[in-house]
file work-v8.pdb (PDB, C-alpha atoms)
ATOM      1  CA  MET A   1      74.655 155.542 115.052
ATOM      2  CA  ALA A   2      78.340 155.444 115.957
ATOM      3  CA  PRO A   3      79.332 153.392 119.030
ATOM      4  CA  ARG A   4      79.814 155.317 122.246
ATOM      5  CA  ARG A   5      83.428 155.470 123.342
ATOM      6  CA  VAL A   6      83.814 154.750 127.022
ATOM      7  CA  ASN A   7      86.645 155.326 129.470
ATOM      8  CA  ARG A   8      87.883 151.817 130.273
ATOM      9  CA  ASN A   9      88.799 152.947 133.788
ATOM     10  CA  VAL A  10      85.158 152.972 134.852
ATOM     11  CA  ALA A  11      83.960 150.628 137.554
ATOM     12  CA  PRO A  12      82.379 147.407 136.287
ATOM     13  CA  MET A  13      78.648 147.758 135.849
ATOM     14  CA  VAL A  14      77.443 144.388 134.596
ATOM     15  CA  CYS A  15      75.701 141.923 136.895
ATOM     16  CA  GLU A  16      77.515 139.776 139.450
ATOM     17  CA  HIS A  17      77.403 136.804 137.047
ATOM     18  CA  LEU A  18      79.687 138.602 134.565
ATOM     19  CA  ALA A  19      81.515 141.134 136.767
ATOM     20  CA  GLN A  20      84.696 139.083 137.239
ATOM     21  CA  LEU A  21      85.035 138.581 133.486
ATOM     22  CA  GLU A  22      84.434 142.282 132.841
ATOM     23  CA  GLN A  23      87.076 143.237 135.413
ATOM     24  CA  ALA A  24      89.603 140.889 133.786
ATOM     25  CA  LEU A  25      88.945 142.348 130.341
ATOM     26  CA  ILE A  26      89.290 145.914 131.634
ATOM     27  CA  ALA A  27      92.547 144.959 133.386
ATOM     28  CA  THR A  28      94.049 143.830 130.056
ATOM     29  CA  ASN A  29      93.387 147.272 128.539
ATOM     30  CA  ILE A  30      91.296 145.879 125.701
ATOM     31  CA  PRO A  31      89.279 148.869 124.480
ATOM     32  CA  ILE A  32      85.568 149.067 125.200
ATOM     33  CA  THR A  33      83.809 149.988 121.968
ATOM     34  CA  PHE A  34      80.281 150.296 123.393
ATOM     35  CA  ARG A  35      78.570 150.122 126.762
ATOM     36  CA  GLY A  36      74.824 150.397 127.209
ATOM     37  CA  GLN A  37      71.555 148.969 125.964
ATOM     38  CA  PRO A  38      72.183 147.835 122.394
ATOM     39  CA  TRP A  39      69.036 146.150 121.127
ATOM     40  CA  THR A  40      65.783 146.128 123.057
ATOM     41  CA  SER A  41      64.454 146.746 126.526
ATOM     42  CA  ASN A  42      65.186 143.053 127.181
ATOM     43  CA  CYS A  43      68.891 143.975 127.192
ATOM     44  CA  ARG A  44      70.254 145.796 130.223
ATOM     45  CA  GLU A  45      74.027 146.501 130.299
ATOM     46  CA  TRP A  46      75.975 145.101 127.356
ATOM     47  CA  VAL A  47      79.694 145.808 127.073
ATOM     48  CA  TYR A  48      81.494 145.342 123.769
ATOM     49  CA  PHE A  49      85.261 144.800 123.740
ATOM     50  CA  ALA A  50      87.601 145.088 120.742
ATOM     51  CA  CYS A  51      88.709 141.456 120.848
ATOM     52  CA  TRP A  52      87.632 137.909 120.183
ATOM     53  CA  LEU A  53      86.435 136.053 123.275
ATOM     54  CA  ASP A  54      87.704 132.470 123.485
ATOM     55  CA  ARG A  55      84.606 131.191 125.272
ATOM     56  CA  PRO A  56      85.838 127.655 126.053
ATOM     57  CA  ALA A  57      88.987 129.119 127.661
ATOM     58  CA  ILE A  58      86.924 131.748 129.493
ATOM     59  CA  ARG A  59      84.571 129.076 130.845
ATOM     60  CA  ALA A  60      87.572 127.076 132.053
ATOM     61  CA  ARG A  61      89.089 130.145 133.741
ATOM     62  CA  PHE A  62      85.983 131.699 135.311
ATOM     63  CA  ALA A  63      83.236 130.057 137.363
ATOM     64  CA  LEU A  64      80.288 131.080 135.188
ATOM     65  CA  LEU A  65      76.852 129.970 136.330
ATOM     66  CA  PRO A  66      74.428 128.129 134.024
ATOM     67  CA  CYS A  67      72.498 131.386 133.501
ATOM     68  CA  VAL A  68      75.465 132.646 131.422
ATOM     69  CA  ILE A  69      75.032 131.354 127.895
ATOM     70  CA  ASP A  70      76.951 131.672 124.636
ATOM     71  CA  HIS A  71      75.653 134.220 122.149
ATOM     72  CA  ASP A  72      76.466 134.619 118.461
ATOM     73  CA  HIS A  73      74.953 137.046 115.994
ATOM     74  CA  GLN A  74      76.087 137.456 112.425
ATOM     75  CA  GLY A  75      73.735 139.993 110.960
ATOM     76  CA  THR A  76      73.599 140.934 107.335
ATOM     77  CA  HIS A  77      72.844 144.603 108.029
ATOM     78  CA  ASP A  78      72.923 145.070 111.797
ATOM     79  CA  GLY A  79      76.441 144.036 112.749
ATOM     80  CA  GLN A  80      78.034 140.960 114.222
ATOM     81  CA  GLU A  81      79.013 139.861 117.709
ATOM     82  CA  SER A  82      79.928 136.893 119.827
ATOM     83  CA  GLY A  83      80.074 136.640 123.585
ATOM     84  CA  LEU A  84      78.331 135.682 126.800
ATOM     85  CA  VAL A  85      74.862 136.725 127.986
ATOM     86  CA  CYS A  86      73.419 136.439 131.480
ATOM     87  CA  THR A  87      69.849 135.239 131.006
ATOM     88  CA  ALA A  88      68.971 136.081 134.620
ATOM     89  CA  CYS A  89      70.012 139.756 134.488
ATOM     90  CA  HIS A  90      70.051 140.451 130.724
ATOM     91  CA  ASP A  91      73.633 141.736 130.814
ATOM     92  CA  ALA A  92      76.337 140.672 128.369
ATOM     93  CA  ILE A  93      80.022 140.761 127.527
ATOM     94  CA  MET A  94      80.572 140.864 123.764
ATOM     95  CA  GLY A  95      83.466 140.702 121.374
ATOM     96  CA  ALA A  96      83.853 140.194 117.656
ATOM     97  CA  HIS A  97      82.277 137.252 115.852
ATOM     98  CA  ALA A  98      84.775 134.482 115.066
ATOM     99  CA  GLU A  99      84.618 135.200 111.326
ATOM    100  CA  TYR A 100      85.809 138.785 111.920
ATOM    101  CA  ARG A 101      88.491 138.208 114.548
ATOM    102  CA  ALA A 102      91.644 138.036 112.384
ATOM    103  CA  ALA A 103      93.110 141.425 113.316
ATOM    104  CA  LEU A 104      91.888 141.474 116.919
ATOM    105  CA  PRO A 105      93.502 140.261 120.123
ATOM    106  CA  VAL A 106      92.177 137.086 121.717
ATOM    107  CA  PHE A 107      91.003 137.089 125.328
ATOM    108  CA  ARG A 108      91.296 133.729 127.065
TER
END

call {"tool": "encode", "arguments": {"input": "work-v8.pdb", "output": "structure tokens"}}
result
Amino acid sequence: MAPRRVNRNVAPMVCEHLAQLEQALIATNIPITFRGQPWTSNCREWVYFACWLDRPAIRARFALLPCVIDHDHQGTHDGQESGLVCTACHDAIMGAHAEYRAALPVFR
């Protein structure tokens, strides 16, 4: 299934633990490549951005609570991603996996 294209001018919809980060990404005009429930019913709102997320820099810039954890997935047939997941609300902000970031902008 092809990713849904989303208007990046939409209001942020992820939980309060990730909303500030989502707003900052939208403000930089990095394209959203998918927004919705990507995997299972255990996932709520996941937003994928066409960039690589520099998680150490993001953690230094934003006051993320301990419920926001790092996430990496490098699938052999189901795609790849890297980002931050809220374990309390099951929302996430995703970008490209580090091994596939060469041609993408970096968000810090």

call {"tool": "residues_around", "arguments": {"input": "work-v8.pdb", "residues": "segment 73-82 of chain A", "least_positions_apart": "2", "cutoff": "9 Å", "atoms": "only C-alpha atoms", "output": "mmCIF file with C-alpha atoms, keeping the file's coordinate frame"}}
result
data_model
loop_
_atom_site.group_PDB
_atom_site.id
_atom_site.type_symbol
_atom_site.label_atom_id
_atom_site.label_comp_id
_atom_site.auth_asym_id
_atom_site.auth_seq_id
_atom_site.Cartn_x
_atom_site.Cartn_y
_atom_site.Cartn_z
ATOM 1 C CA TYR A 48 81.494 145.342 123.769
ATOM 2 C CA TRP A 52 87.632 137.909 120.183
ATOM 3 C CA LEU A 53 86.435 136.053 123.275
ATOM 4 C CA ASP A 70 76.951 131.672 124.636
ATOM 5 C CA HIS A 71 75.653 134.220 122.149
ATOM 6 C CA LEU A 84 78.331 135.682 126.800
ATOM 7 C CA ILE A 93 80.022 140.761 127.527
ATOM 8 C CA MET A 94 80.572 140.864 123.764
ATOM 9 C CA GLY A 95 83.466 140.702 121.374
ATOM 10 C CA ALA A 96 83.853 140.194 117.656
ATOM 11 C CA HIS A 97 82.277 137.252 115.852
ATOM 12 C CA ALA A 98 84.775 134.482 115.066
ATOM 13 C CA GLU A 99 84.618 135.200 111.326
ATOM 14 C CA TYR A 100 85.809 138.785 111.920
#

call {"tool": "resolve_selection", "arguments": {"input": "work-v8.pdb", "expression": "the PyMOL selection byres ((chain A and resi 15) around 10)", "output": "PyMOL selection string"}}
result
chain A and resi 12-14+16-20+22+44-45+86+88-92

call {"tool": "resolve_selection", "arguments": {"input": "work-v8.pdb", "expression": "the PyMOL selection byres ((chain A and resi 54) around 7)", "output": "short mmCIF file (atom, residue, chain, number, x, y, z; two decimals) with C-alpha atoms, keeping the file's coordinate frame"}}
result
data_model
loop_
_atom_site.label_atom_id
_atom_site.label_comp_id
_atom_site.auth_asym_id
_atom_site.auth_seq_id
_atom_site.Cartn_x
_atom_site.Cartn_y
_atom_site.Cartn_z
CA TRP A 52 87.63 137.91 120.18
CA LEU A 53 86.44 136.05 123.28
CA ARG A 55 84.61 131.19 125.27
CA PRO A 56 85.84 127.66 126.05
CA ALA A 57 88.99 129.12 127.66
CA ILE A 58 86.92 131.75 129.49
CA VAL A 106 92.18 137.09 121.72
CA PHE A 107 91.00 137.09 125.33
CA ARG A 108 91.30 133.73 127.06
#

call {"tool": "closest_residue", "arguments": {"input": "work-v8.pdb", "among": "A:Gln23, A:Thr87, A:Trp39, A:Leu104", "to": "Cys51 of chain A", "atoms": "only C-alpha atoms"}}
result
A:Leu104

call {"tool": "axis_aligned_box", "arguments": {"input": "work-v8.pdb", "around": "segment 35-41 of chain A", "padding_each_side": "5 Å", "output": "AutoDock Vina command-line options"}}
result
--center_x 71.5 --center_y 148.3 --center_z 124.2 --size_x 24.1 --size_y 14.3 --size_z 16.1

call {"tool": "atom_distance", "arguments": {"input": "work-v8.pdb", "atom1": "atom CA of Val47 of chain A", "atom2": "atom CA of Ile30 of chain A"}}
result
11.7 Å

call {"tool": "atom_distance", "arguments": {"input": "work-v8.pdb", "atom1": "atom CA of Cys43 of chain A", "atom2": "atom CA of Val68 of chain A"}}
result
13.8 Å

call {"tool": "atom_distance", "arguments": {"input": "work-v8.pdb", "atom1": "atom CA of Pro66 of chain A", "atom2": "atom CA of Val85 of chain A"}}
result
10.5 Å

call {"tool": "resolve_selection", "arguments": {"input": "work-v8.pdb", "expression": "the PyMOL selection byres ((chain A and resi 36) around 6)", "output": "list of chain:residue names"}}
result
A:Arg35, A:Gln37, A:Glu45, A:Trp46
